[in-house]
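The file target-v2.cif contains mmCIF, C-alpha atoms and all ligand atoms:
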```cif
data_work
loop_
_atom_site.label_atom_id
_atom_site.label_comp_id
_atom_site.auth_asym_id
_atom_site.auth_seq_id
_atom_site.Cartn_x
_atom_site.Cartn_y
_atom_site.Cartn_z
CA MET A 1 166.86 37.31 97.38
CA SER A 2 164.87 37.46 100.61
CA THR A 3 165.03 40.60 102.74
CA ARG A 4 165.87 40.52 106.42
CA ARG A 5 164.72 43.41 108.57
CA CYS A 6 167.73 44.82 110.35
CA ARG A 7 167.19 45.89 113.96
CA VAL A 8 169.52 48.80 114.58
CA PHE A 9 170.35 50.47 117.89
CA CYS A 10 171.07 54.11 117.01
CA VAL A 11 173.08 55.69 119.82
CA VAL A 12 173.09 59.32 120.93
CA GLY A 13 174.94 60.55 123.99
CA ALA A 14 176.01 64.16 123.73
CA ARG A 15 174.73 67.24 121.95
CA PRO A 16 176.78 66.87 118.72
CA ASN A 17 175.37 63.36 118.20
CA MET A 18 171.76 64.47 117.84
CA MET A 19 171.99 66.19 114.45
CA LYS A 20 173.93 63.21 113.05
CA VAL A 21 171.53 60.51 114.22
CA ALA A 22 168.28 62.38 113.44
CA PRO A 23 168.44 62.02 109.62
CA ILE A 24 169.52 58.36 109.83
CA LEU A 25 166.75 57.51 112.26
CA ARG A 26 164.19 59.28 110.09
CA ALA A 27 165.37 57.42 106.97
CA MET A 28 165.26 54.08 108.79
CA GLN A 29 161.76 54.77 110.10
CA ALA A 30 160.67 55.51 106.53
CA ASP A 31 162.12 52.21 105.27
CA SER A 32 160.44 49.78 107.62
CA LYS A 33 160.79 47.02 105.05
CA HIS A 34 164.52 46.91 105.75
CA PHE A 35 165.05 48.59 109.11
CA SER A 36 163.69 48.54 112.60
CA PRO A 37 165.52 51.34 114.44
CA VAL A 38 165.71 51.63 118.22
CA LEU A 39 166.87 54.93 119.71
CA VAL A 40 169.26 54.70 122.65
CA HIS A 41 170.23 57.84 124.60
CA THR A 42 173.08 57.28 127.02
CA GLY A 43 172.24 60.49 128.89
CA GLN A 44 175.83 61.80 128.71
CA HIS A 45 174.18 65.17 128.12
CA TYR A 46 171.01 65.55 130.13
CA ASP A 47 170.11 69.24 130.58
CA TYR A 48 167.09 70.44 128.62
CA ALA A 49 169.31 72.92 126.75
CA MET A 50 171.97 70.32 125.89
CA SER A 51 169.69 67.40 125.06
CA GLN A 52 165.86 67.51 125.11
CA VAL A 53 165.51 70.68 123.05
CA PHE A 54 167.57 69.02 120.30
CA PHE A 55 165.18 66.07 120.26
CA GLU A 56 162.28 68.49 119.86
CA GLN A 57 163.86 70.65 117.16
CA LEU A 58 165.14 67.70 115.15
CA ASN A 59 161.77 65.93 115.41
CA MET A 60 163.25 62.92 117.15
CA PRO A 61 161.00 60.59 119.13
CA ASP A 62 161.64 59.95 122.82
CA PRO A 63 164.44 57.42 123.18
CA ASP A 64 163.45 53.77 123.53
CA TYR A 65 166.18 53.44 126.13
CA ASN A 66 167.58 56.25 128.26
CA LEU A 67 170.60 55.12 130.23
CA GLU A 68 170.78 58.37 132.24
CA VAL A 69 174.51 58.14 132.92
CA GLY A 70 175.02 61.89 133.49
CA SER A 71 178.35 63.61 134.17
CA GLY A 72 181.51 62.20 135.71
CA THR A 73 185.18 61.79 134.97
CA HIS A 74 185.89 60.39 131.51
CA HIS A 75 186.61 57.01 133.06
CA ALA A 76 183.52 56.94 135.24
CA GLN A 77 181.27 58.21 132.44
CA THR A 78 182.63 55.75 129.87
CA ALA A 79 182.48 52.86 132.34
CA GLU A 80 178.92 53.66 133.31
CA VAL A 81 177.78 53.73 129.65
CA ILE A 82 179.51 50.39 129.10
CA ARG A 83 177.83 48.87 132.16
CA ARG A 84 174.34 50.17 131.42
CA PHE A 85 174.43 49.61 127.65
CA GLY A 86 175.81 46.13 128.28
CA GLU A 87 172.79 45.32 130.44
CA VAL A 88 170.42 46.49 127.70
CA VAL A 89 172.16 44.51 124.97
CA GLU A 90 172.24 41.33 127.03
CA LYS A 91 168.43 41.42 127.25
CA ASP A 92 167.60 42.96 123.90
CA ARG A 93 170.10 42.07 121.21
CA PRO A 94 170.11 44.15 117.99
CA ASP A 95 171.60 43.14 114.63
CA LEU A 96 173.68 46.29 114.44
CA VAL A 97 174.79 49.12 116.72
CA LEU A 98 175.21 52.46 114.94
CA VAL A 99 177.36 55.08 116.67
CA VAL A 100 178.29 58.56 115.46
CA GLY A 101 181.10 61.02 116.11
CA ASP A 102 183.71 60.79 118.82
CA VAL A 103 182.21 61.29 122.27
CA ASN A 104 182.63 58.95 125.24
CA SER A 105 179.26 57.32 124.50
CA THR A 106 180.42 56.50 120.94
CA LEU A 107 183.40 54.54 122.20
CA ALA A 108 181.54 52.87 125.08
CA CYS A 109 178.65 51.54 122.98
CA ALA A 110 180.91 50.42 120.14
CA LEU A 111 182.99 48.46 122.63
CA VAL A 112 179.98 46.70 124.15
CA ALA A 113 178.68 45.75 120.71
CA ALA A 114 182.05 44.49 119.47
CA LYS A 115 182.49 42.32 122.58
CA GLU A 116 179.00 40.89 122.09
CA ASN A 117 179.83 40.11 118.45
CA ILE A 118 177.21 42.56 117.24
CA LEU A 119 178.01 44.48 114.05
CA VAL A 120 179.16 48.07 114.60
CA ALA A 121 178.66 50.96 112.17
CA HIS A 122 180.63 54.15 112.84
CA VAL A 123 179.38 57.28 111.15
CA GLU A 124 182.05 60.00 110.83
CA ALA A 125 184.91 57.50 110.91
CA GLY A 126 188.57 58.12 110.14
CA LEU A 127 188.90 61.75 111.24
CA ARG A 128 192.20 62.35 113.01
CA SER A 129 193.69 65.36 114.77
CA PHE A 130 196.86 63.33 115.52
CA ASP A 131 196.67 64.79 119.00
CA ARG A 132 196.25 62.04 121.55
CA THR A 133 195.82 64.49 124.40
CA MET A 134 192.27 65.01 123.08
CA PRO A 135 189.84 62.47 124.56
CA GLU A 136 187.94 62.52 121.27
CA GLU A 137 191.03 61.32 119.36
CA ILE A 138 191.29 58.24 121.59
CA ASN A 139 187.56 57.63 121.14
CA ARG A 140 187.93 57.89 117.35
CA LEU A 141 190.94 55.55 117.17
CA VAL A 142 189.41 52.84 119.32
CA THR A 143 185.95 53.03 117.77
CA ASP A 144 187.33 52.77 114.24
CA SER A 145 189.54 49.82 115.14
CA ILE A 146 186.53 47.73 116.23
CA SER A 147 183.91 48.88 113.68
CA ASP A 148 182.62 46.77 110.79
CA PHE A 149 181.24 49.62 108.67
CA LEU A 150 183.16 52.90 108.61
CA PHE A 151 181.25 55.75 107.00
CA ILE A 152 183.53 58.65 106.13
CA THR A 153 182.81 62.33 105.51
CA GLU A 154 185.93 63.31 103.60
CA GLU A 155 188.80 61.70 101.68
CA SER A 156 191.40 62.41 104.40
CA ALA A 157 189.62 59.81 106.52
CA ARG A 158 190.21 57.12 103.91
CA VAL A 159 193.95 57.82 103.99
CA ASN A 160 194.03 57.79 107.81
CA LEU A 161 192.19 54.47 108.00
CA LYS A 162 194.39 52.92 105.33
CA ASN A 163 197.49 53.98 107.30
CA GLU A 164 196.02 52.28 110.36
CA GLY A 165 195.51 49.05 108.45
CA VAL A 166 191.71 49.17 108.15
CA ALA A 167 190.57 47.06 105.19
CA ASP A 168 189.30 49.11 102.23
CA ASN A 169 186.11 47.09 101.97
CA LYS A 170 184.94 48.31 105.38
CA VAL A 171 185.21 51.99 104.39
CA PHE A 172 182.35 53.84 102.65
CA PHE A 173 182.52 57.44 101.50
CA THR A 174 178.93 58.52 102.02
CA GLY A 175 179.39 62.21 102.86
CA ASN A 176 178.51 64.29 105.89
CA VAL A 177 175.26 63.38 107.62
CA MET A 178 175.35 66.45 109.84
CA ILE A 179 174.84 68.48 106.67
CA ASP A 180 171.60 66.52 106.08
CA SER A 181 170.28 68.17 109.25
CA VAL A 182 171.53 71.59 108.16
CA VAL A 183 169.83 71.20 104.76
CA SER A 184 166.51 70.08 106.24
CA SER A 185 166.46 72.73 108.98
CA LEU A 186 167.84 75.76 107.16
CA ASP A 187 164.55 77.19 105.90
CA VAL A 188 163.04 77.06 109.36
CA ALA A 189 166.22 78.53 110.84
CA ARG A 190 166.16 81.38 108.33
CA ARG A 191 162.52 82.13 109.14
CA SER A 192 163.07 82.09 112.90
CA ASN A 193 163.19 85.44 114.65
CA VAL A 194 166.07 84.57 116.94
CA ARG A 195 168.41 87.17 115.48
CA GLU A 196 165.82 89.92 115.79
CA SER A 197 164.97 88.80 119.31
CA TYR A 198 168.52 89.64 120.31
CA GLY A 199 168.40 92.89 118.33
CA LEU A 200 171.15 91.74 115.96
CA LYS A 201 171.58 92.90 112.38
CA PRO A 202 172.53 90.38 109.64
CA LEU A 203 176.30 90.05 109.13
CA ASP A 204 176.93 92.57 111.90
CA TYR A 205 177.89 90.26 114.75
CA ALA A 206 180.24 87.37 115.43
CA ILE A 207 179.70 84.13 117.32
CA LEU A 208 182.04 82.56 119.84
CA THR A 209 181.88 79.02 121.21
CA LEU A 210 184.47 77.53 123.55
CA HIS A 211 184.20 74.30 125.46
CA ARG A 212 187.38 72.22 125.03
CA PRO A 213 189.08 71.50 128.34
CA SER A 214 192.37 72.69 126.80
CA ASN A 215 190.82 76.14 126.23
CA VAL A 216 188.49 76.56 129.17
CA GLY A 217 190.10 74.37 131.83
CA ASP A 218 192.97 76.74 132.49
CA ALA A 219 191.99 80.09 134.02
CA VAL A 220 195.00 81.96 132.56
CA GLN A 221 194.33 80.75 129.01
CA LEU A 222 190.61 81.43 129.29
CA ARG A 223 191.16 84.95 130.61
CA ARG A 224 193.66 85.76 127.82
CA THR A 225 191.27 84.34 125.25
CA LEU A 226 188.36 86.44 126.48
CA GLU A 227 190.55 89.55 126.53
CA ALA A 228 191.40 88.86 122.88
CA VAL A 229 187.75 88.34 122.01
CA ALA A 230 186.90 91.58 123.83
CA THR A 231 189.24 93.37 121.39
CA VAL A 232 187.23 91.91 118.52
CA GLY A 233 184.11 92.88 120.48
CA ARG A 234 185.05 96.54 120.13
CA GLU A 235 184.32 96.19 116.41
CA LEU A 236 181.03 94.28 116.61
CA PRO A 237 178.96 92.35 119.17
CA VAL A 238 180.25 88.84 119.85
CA ILE A 239 177.49 86.43 120.84
CA PHE A 240 178.71 83.73 123.18
CA PRO A 241 176.43 80.73 123.82
CA ALA A 242 178.19 79.38 126.89
CA HIS A 243 178.63 75.62 127.32
CA PRO A 244 177.97 74.44 130.91
CA ARG A 245 181.65 73.63 131.52
CA THR A 246 182.68 77.11 130.32
CA ALA A 247 179.95 78.83 132.32
CA ASN A 248 181.04 76.95 135.46
CA LYS A 249 184.66 77.92 134.95
CA LEU A 250 183.75 81.59 134.46
CA ARG A 251 181.74 81.54 137.68
CA GLU A 252 184.70 79.97 139.46
CA MET A 253 186.96 82.75 138.12
CA ASP A 254 184.42 85.37 139.11
CA ILE A 255 184.21 86.68 135.53
CA GLN A 256 180.94 88.46 134.93
CA LEU A 257 179.81 88.44 131.33
CA LYS A 258 177.14 90.73 129.97
CA PHE A 259 173.91 88.90 129.26
CA ILE A 260 171.56 90.05 126.54
CA GLU A 261 168.30 91.05 128.15
CA ASP A 262 166.56 93.68 126.05
CA GLY A 263 168.41 93.12 122.80
CA ILE A 264 171.45 94.89 121.47
CA LYS A 265 171.20 98.57 120.70
CA VAL A 266 172.99 100.45 117.97
CA GLY A 267 176.60 100.94 118.98
CA ASP A 268 176.55 98.12 121.53
CA SER A 269 179.57 95.90 121.33
CA GLY A 270 181.48 93.53 123.56
CA ILE A 271 180.93 89.90 124.45
CA TRP A 272 177.31 88.96 125.05
CA ALA A 273 176.68 85.64 126.75
CA ILE A 274 173.58 83.61 126.07
CA PRO A 275 172.60 80.14 127.33
CA PRO A 276 173.49 77.13 125.11
CA ALA A 277 171.43 77.75 121.97
CA PRO A 278 168.87 75.28 120.63
CA TYR A 279 169.74 73.76 117.23
CA ILE A 280 167.49 75.90 115.01
CA ASP A 281 168.41 79.11 116.83
CA PHE A 282 172.10 78.37 116.58
CA LEU A 283 171.88 77.52 112.89
CA GLY A 284 169.97 80.76 112.22
CA LEU A 285 172.48 82.80 114.21
CA VAL A 286 175.48 81.25 112.47
CA ASP A 287 173.95 81.58 109.01
CA SER A 288 173.71 85.36 109.24
CA SER A 289 176.81 86.03 111.31
CA ALA A 290 179.92 87.82 110.03
CA MET A 291 182.17 85.09 111.39
CA VAL A 292 182.42 82.34 113.95
CA ILE A 293 185.27 81.77 116.41
CA THR A 294 185.15 78.25 117.82
CA ASP A 295 186.95 75.25 119.23
CA SER A 296 184.15 72.87 118.23
CA GLY A 297 184.52 70.16 115.59
CA GLY A 298 181.06 70.19 114.04
CA ILE A 299 180.79 73.97 113.75
CA GLN A 300 183.80 73.97 111.42
CA GLU A 301 181.69 71.85 109.06
CA GLU A 302 178.43 73.78 109.42
CA THR A 303 180.18 77.09 108.67
CA THR A 304 181.86 75.54 105.63
CA TYR A 305 178.49 74.46 104.29
CA LEU A 306 176.96 77.88 104.99
CA GLY A 307 179.95 79.84 103.64
CA VAL A 308 180.51 81.65 106.94
CA PRO A 309 184.15 82.46 107.82
CA CYS A 310 185.28 80.25 110.70
CA LEU A 311 188.33 80.79 112.89
CA THR A 312 189.19 77.56 114.66
CA TYR A 313 190.81 78.30 117.99
CA ARG A 314 192.82 75.10 118.16
CA ASP A 315 196.25 73.88 117.09
CA ASN A 316 194.84 71.13 114.87
CA THR A 317 191.72 70.02 113.09
CA GLU A 318 190.54 66.50 112.36
CA ARG A 319 188.41 68.00 109.57
CA PRO A 320 190.94 69.25 106.98
CA ALA A 321 188.34 69.45 104.18
CA THR A 322 186.90 72.49 105.97
CA VAL A 323 190.24 74.23 105.38
CA THR A 324 191.02 72.94 101.88
CA HIS A 325 187.45 73.18 100.51
CA GLY A 326 185.73 75.45 102.99
CA THR A 327 185.81 78.63 105.02
CA ASN A 328 187.76 77.34 107.98
CA GLN A 329 191.04 78.86 109.11
CA LEU A 330 193.09 77.10 111.75
CA ILE A 331 194.49 79.91 113.90
CA GLY A 332 195.95 77.95 116.84
CA ALA A 333 194.87 78.40 120.44
CA ASN A 334 196.65 81.72 120.51
CA PRO A 335 194.98 84.99 121.59
CA GLU A 336 197.21 87.23 119.42
CA ASN A 337 196.37 85.21 116.32
CA LEU A 338 192.72 85.40 117.22
CA VAL A 339 192.70 89.20 117.18
CA SER A 340 194.69 89.56 113.94
CA ALA A 341 192.73 86.84 112.10
CA ALA A 342 189.36 88.24 113.20
CA LEU A 343 190.28 91.81 112.23
CA GLU A 344 191.49 90.51 108.89
CA VAL A 345 188.13 88.82 108.23
CA LEU A 346 186.33 92.05 109.13
CA SER A 347 188.63 94.12 106.90
CA ARG A 348 187.51 92.05 103.90
CA GLY A 349 184.11 93.67 104.32
CA LYS A 350 180.76 92.02 104.62
CA ARG A 351 180.40 88.65 103.00
CA LYS A 352 177.31 88.35 100.85
CA SER A 353 175.05 85.74 102.36
CA GLU A 354 174.10 84.52 98.88
CA GLU A 355 177.74 84.36 97.71
CA LYS A 356 178.65 81.09 95.97
CA HIS A 357 181.20 79.02 97.83
CA GLU A 358 182.78 75.63 97.57
CA VAL A 359 181.45 72.70 99.60
CA PRO A 360 183.31 69.38 100.07
CA PRO A 361 182.07 66.46 97.95
CA LEU A 362 178.89 64.69 99.12
CA TRP A 363 178.00 67.32 101.70
CA ASP A 364 174.63 67.57 100.02
CA GLY A 365 171.88 66.50 102.40
CA MET A 366 171.67 62.96 100.96
CA THR A 367 174.14 61.16 103.21
CA ALA A 368 171.63 59.26 105.36
CA SER A 369 170.14 57.59 102.30
CA ARG A 370 173.61 56.59 101.06
CA ILE A 371 174.40 55.08 104.47
CA LEU A 372 171.15 53.11 104.37
CA ASP A 373 171.93 51.84 100.87
CA VAL A 374 175.19 50.34 102.15
CA LEU A 375 173.57 48.82 105.23
CA LYS A 376 170.67 47.44 103.19
CA ASP A 377 173.10 45.74 100.92
CA LYS A 378 175.26 44.30 103.71
CA CYS A 379 172.87 43.66 106.61
CA CYS A 380 169.43 43.06 105.16
CA ALA A 381 170.23 40.63 102.36
C1 LIG A 401 181.33 66.33 125.11
C2 LIG A 401 182.22 65.59 124.12
C3 LIG A 401 182.77 66.57 123.09
C4 LIG A 401 181.66 67.38 122.46
C5 LIG A 401 180.89 68.08 123.57
C6 LIG A 401 179.77 68.95 123.06
C7 LIG A 401 183.45 63.65 125.04
C8 LIG A 401 184.80 63.17 125.36
N1 LIG A 401 183.37 64.98 124.76
O1 LIG A 401 182.17 67.20 125.84
O2 LIG A 401 183.44 65.83 122.08
O3 LIG A 401 182.21 68.35 121.58
O4 LIG A 401 180.34 67.06 124.41
O5 LIG A 401 179.18 69.61 124.13
O6 LIG A 401 182.51 62.89 125.03
N2 LIG A 401 177.17 69.40 131.65
C9 LIG A 401 175.99 69.93 132.09
N3 LIG A 401 174.85 69.51 131.48
C10 LIG A 401 174.83 68.63 130.46
C11 LIG A 401 176.05 68.09 130.02
C12 LIG A 401 177.22 68.50 130.61
O7 LIG A 401 175.96 70.74 132.99
O8 LIG A 401 173.74 68.30 129.95
C13 LIG A 401 178.42 69.85 132.29
C14 LIG A 401 178.88 68.95 133.39
O9 LIG A 401 179.40 69.75 134.40
C15 LIG A 401 180.02 68.16 132.76
C16 LIG A 401 180.57 69.14 131.75
O10 LIG A 401 179.45 69.92 131.32
O11 LIG A 401 180.94 67.72 133.69
C17 LIG A 401 181.18 68.48 130.55
O12 LIG A 401 180.27 67.52 129.97
P1 LIG A 401 180.83 66.19 129.28
O13 LIG A 401 179.75 65.44 128.63
O14 LIG A 401 181.69 65.48 130.25
O15 LIG A 401 181.81 66.73 128.16
P2 LIG A 401 181.66 67.91 127.13
O16 LIG A 401 182.68 68.95 127.43
O17 LIG A 401 180.24 68.40 127.02
#
```

Any chance you could put this one into structure tokens?
Ligand code: UD1
Amino acid sequence: MSTRRCRVFCVVGARPNMMKVAPILRAMQADSKHFSPVLVHTGQHYDYAMSQVFFEQLNMPDPDYNLEVGSGTHHAQTAEVIRRFGEVVEKDRPDLVLVVGDVNSTLACALVAAKENILVAHVEAGLRSFDRTMPEEINRLVTDSISDFLFITEESARVNLKNEGVADNKVFFTGNVMIDSVVSSLDVARRSNVRESYGLKPLDYAILTLHRPSNVGDAVQLRRTLEAVATVGRELPVIFPAHPRTANKLREMDIQLKFIEDGIKVGDSGIWAIPPAPYIDFLGLVDSSAMVITDSGGIQEETTYLGVPCLTYRDNTERPATVTHGTNQLIGANPENLVSAALEVLSRGKRKSEEKHEVPPLWDGMTASRILDVLKDKCCA
């Protein structure tokens, strides 16, 4: 059987896309007999701290196309990606467009490809929070409904897709590609001196991330949340890499957070803000933290892989395997629950960083190669 080289547009838009695309791009570059990858950055995230530093730390080349769409309302941002990506695809047609995750760029590029009759692969398909007030849920539903190859990270996704009428033969359980990046970066992260540079002791601090509009958009909710975290911060320092949206809101509310300047001294506690952390730094910080409090999707999975207790400050999760197989606890977006759940984690005493823990099936660092095996079989034959 003759082999056809498959030209694949790999799309990144926002920060959580980078660590999913990096391993796939690397694997495609290494298999030039079957694949000719082209990296497209929509520019949804554009700050050095939200974008470029991730390219550097994940050893990604400069994008072949940078659409530079920048910020805007969801509608404007999505429309602008559609317009600009459409122009690229009209001139330079790939065999396949590969999108990851659930951000506006994921939906926009999948839509352009589907309308141009170009094959679409969606990595991290089938996850559902069943909460349509989340923009990501709409992005997931629409992207999955127009994709040709749906690569899933956990079995719940297969059930969700089946219930939505997606044909079984489009669905491939290949595991979690974000864990490929964790596996390949963990040694470097563990050797980095980021923790020491902040004066933190292993397992003696917590991490907080908040960026969902439902948590940070409303001043009353945000203030109550930070008051709850401050209670936890009496027990141990809470390190808070602040997302641009959150930082803007705090400025608007005139809330002054403490910033770490000379490191944390013995007895220091409270909430310590830092700028958005680069990938390796964040991984290193999470790996030796006592616990993470977050409203992110991906961090629920990284903590599960690392065995770090995770309190998810949301009413739902689209990633149930992190609860059934992992360290994630869904506490609701409720400040009282946050305090009691965090104190409960601390009362269990220090976790042992080398403690054995369960990891969901196929979260093993080999997902990119399984995805390529499927695509090779279907697109390059
Ligand atoms: C997006 C994704 C979300 C993901 C998150 C990770 C969608 C619908 N949401 O949300 O799923 O978890 O990224 O961060 O796609 N900003 C900057 N610099 C940047 C990027 C953003 O200052 O480089 C600011 C802008 O003020 C912008 C705001 O952050 O308006 C929000 O950015 P946006 O990309 O719209 O959404 P995220 O909240 O980052």

Could I get the residues of chain A with an atom no further than 9 Å from an atom of ligand LIG 401 (chain A), each paired with its nearest atom pair and that distance in Å to one decimal, using only C-alpha atoms and all ligand atoms, sorted by chain and residue number, as JSON lines?
```
{"residue": "A:Gly13", "atom": "CA", "partner": "A:LIG401", "partner_atom": "O6", "distance": 8.0}
{"residue": "A:Ala14", "atom": "CA", "partner": "A:LIG401", "partner_atom": "O4", "distance": 5.3}
{"residue": "A:Arg15", "atom": "CA", "partner": "A:LIG401", "partner_atom": "C6", "distance": 5.4}
{"residue": "A:Pro16", "atom": "CA", "partner": "A:LIG401", "partner_atom": "C6", "distance": 5.7}
{"residue": "A:Asn17", "atom": "CA", "partner": "A:LIG401", "partner_atom": "C4", "distance": 8.6}
{"residue": "A:Gly43", "atom": "CA", "partner": "A:LIG401", "partner_atom": "O8", "distance": 8.0}
{"residue": "A:Gln44", "atom": "CA", "partner": "A:LIG401", "partner_atom": "O13", "distance": 5.3}
{"residue": "A:His45", "atom": "CA", "partner": "A:LIG401", "partner_atom": "O8", "distance": 3.7}
{"residue": "A:Tyr46", "atom": "CA", "partner": "A:LIG401", "partner_atom": "O8", "distance": 3.9}
{"residue": "A:Asp47", "atom": "CA", "partner": "A:LIG401", "partner_atom": "O8", "distance": 3.8}
{"residue": "A:Tyr48", "atom": "CA", "partner": "A:LIG401", "partner_atom": "O8", "distance": 7.1}
{"residue": "A:Ala49", "atom": "CA", "partner": "A:LIG401", "partner_atom": "O8", "distance": 7.2}
{"residue": "A:Met50", "atom": "CA", "partner": "A:LIG401", "partner_atom": "O8", "distance": 4.9}
{"residue": "A:Ser51", "atom": "CA", "partner": "A:LIG401", "partner_atom": "O8", "distance": 6.4}
{"residue": "A:Gly70", "atom": "CA", "partner": "A:LIG401", "partner_atom": "C11", "distance": 7.2}
{"residue": "A:Ser71", "atom": "CA", "partner": "A:LIG401", "partner_atom": "O11", "distance": 4.9}
{"residue": "A:Gly72", "atom": "CA", "partner": "A:LIG401", "partner_atom": "O11", "distance": 5.9}
{"residue": "A:Thr73", "atom": "CA", "partner": "A:LIG401", "partner_atom": "O14", "distance": 6.9}
{"residue": "A:His74", "atom": "CA", "partner": "A:LIG401", "partner_atom": "O14", "distance": 6.7}
{"residue": "A:Gln77", "atom": "CA", "partner": "A:LIG401", "partner_atom": "O14", "distance": 7.6}
{"residue": "A:Thr78", "atom": "CA", "partner": "A:LIG401", "partner_atom": "O6", "distance": 8.6}
{"residue": "A:Gly101", "atom": "CA", "partner": "A:LIG401", "partner_atom": "O2", "distance": 8.0}
{"residue": "A:Asp102", "atom": "CA", "partner": "A:LIG401", "partner_atom": "O2", "distance": 6.0}
{"residue": "A:Val103", "atom": "CA", "partner": "A:LIG401", "partner_atom": "O6", "distance": 3.2}
{"residue": "A:Asn104", "atom": "CA", "partner": "A:LIG401", "partner_atom": "O6", "distance": 3.9}
{"residue": "A:Ser105", "atom": "CA", "partner": "A:LIG401", "partner_atom": "O6", "distance": 6.5}
{"residue": "A:Thr106", "atom": "CA", "partner": "A:LIG401", "partner_atom": "O6", "distance": 7.9}
{"residue": "A:Leu107", "atom": "CA", "partner": "A:LIG401", "partner_atom": "O6", "distance": 8.9}
{"residue": "A:Met134", "atom": "CA", "partner": "A:LIG401", "partner_atom": "C8", "distance": 8.0}
{"residue": "A:Pro135", "atom": "CA", "partner": "A:LIG401", "partner_atom": "C8", "distance": 5.2}
{"residue": "A:Glu136", "atom": "CA", "partner": "A:LIG401", "partner_atom": "C8", "distance": 5.2}
{"residue": "A:Glu137", "atom": "CA", "partner": "A:LIG401", "partner_atom": "C8", "distance": 8.8}
{"residue": "A:Ile138", "atom": "CA", "partner": "A:LIG401", "partner_atom": "C8", "distance": 9.0}
{"residue": "A:Asn139", "atom": "CA", "partner": "A:LIG401", "partner_atom": "C8", "distance": 7.5}
{"residue": "A:His211", "atom": "CA", "partner": "A:LIG401", "partner_atom": "O16", "distance": 5.9}
{"residue": "A:Arg212", "atom": "CA", "partner": "A:LIG401", "partner_atom": "O16", "distance": 6.2}
{"residue": "A:Pro213", "atom": "CA", "partner": "A:LIG401", "partner_atom": "O16", "distance": 6.9}
{"residue": "A:His243", "atom": "CA", "partner": "A:LIG401", "partner_atom": "O5", "distance": 6.8}
{"residue": "A:Pro244", "atom": "CA", "partner": "A:LIG401", "partner_atom": "O7", "distance": 4.7}
{"residue": "A:Arg245", "atom": "CA", "partner": "A:LIG401", "partner_atom": "O10", "distance": 4.3}
{"residue": "A:Thr246", "atom": "CA", "partner": "A:LIG401", "partner_atom": "O10", "distance": 7.9}
{"residue": "A:Ala247", "atom": "CA", "partner": "A:LIG401", "partner_atom": "O10", "distance": 9.0}
{"residue": "A:Asn248", "atom": "CA", "partner": "A:LIG401", "partner_atom": "O9", "distance": 7.5}
{"residue": "A:Asp295", "atom": "CA", "partner": "A:LIG401", "partner_atom": "O3", "distance": 8.7}
{"residue": "A:Ser296", "atom": "CA", "partner": "A:LIG401", "partner_atom": "O3", "distance": 6.0}
{"residue": "A:Gly297", "atom": "CA", "partner": "A:LIG401", "partner_atom": "O3", "distance": 6.7}
{"residue": "A:Gly298", "atom": "CA", "partner": "A:LIG401", "partner_atom": "O3", "distance": 7.8}
```

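With only the atoms specified (all atoms listed in the file) counting, those residues at most 7 Å away from (167.9, 54.4, 122.3) are Phe9, Cys10, Val11, Val38, Leu39, Val40, His41, Pro63, Asp64, Tyr65 and Asn66 of chain A.
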
Test item: residues at most 9 Å from Ile331 of chain A, only C-alpha atoms, excluding those fewer than 6 positions along its chain, as a ChimeraX atom specification: /A:311-316,337-338,341

For Leu375 of chain A, the nearest of the candidates A:Ser184, A:Thr231, A:Thr174, A:Thr304, counting all atoms listed in the file: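 Smallest distance to Leu375 of chain A is found for A:Thr174.
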
Which of A:Ala230, A:Val97, A:Ala206, A:Ala113 sits closest to Arg83 of chain A [using all atoms listed in the file]: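 Nearest candidate to Arg83 of chain A out of A:Ala230, A:Val97, A:Ala206, A:Ala113: A:Ala113.
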
Test item: residues at most 9 Å from Asn160 of chain A, only C-alpha atoms, excluding those fewer than 6 positions along its chain, as a count of residues only: 4

Shell around Arg84 of chain A at 10 Å using all atoms listed in the file, local window under 5 positions removed, as a list in words: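 Those residues are Thr42, Asn66, Leu67, Glu68, Val69, Ala79, Val89, Ala108, Cys109 and Val112 of chain A.
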
Surrounding residues of segment 257-268 of chain A excluding itself and chain neighbours under 3 positions, 12 Å, all atoms listed in the file, as an MDAnalysis selection string: chainID A and resid 194:201 204:205 223 226:227 230 233:242 246:247 250:251 253:254 271:275

8 Å contact set for Ser32 of chain A, all atoms listed in the file, chain neighbours under 4 positions out, as a list in words: Arg5, Met28 and Ser36 of chain A

Given the selection you just returned, output its residues as a file containing C-alpha atoms, formatted as a PDB file, in the coordinates of the input.
```
ATOM      1  CA  ARG A   5     164.720  43.410 108.570  1.00  0.00           C
ATOM      2  CA  MET A  28     165.260  54.080 108.790  1.00  0.00           C
ATOM      3  CA  SER A  36     163.690  48.540 112.600  1.00  0.00           C
TER       4      SER A  36
END
```

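Atom CA of Arg370 of chain A sits 15.7 Å away from atom CA of Asn169 of chain A.
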
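Pairwise distance (atom CA of Leu330 of chain A, atom CA of Gly307 of chain A) equals 15.7 Å.
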
Interatomic distance, atom CA of Arg190 of chain A to atom CA of Gly284 of chain A (Å, one decimal):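 Between atom CA of Arg190 of chain A and atom CA of Gly284 of chain A the gap works out to 5.5 Å.
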
Counting all atoms listed in the file, the residue of A:Ala333, A:Leu210, A:Val286, A:Leu161 that sits nearest Val142 of chain A: A:Leu161

Nearest residue to Ala27 of chain A from the set A:Phe54, A:Thr209, A:Ala76, A:Asp180 (distances using all atoms listed in the file):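 So, comparing all the options, the nearest one is A:Asp180.
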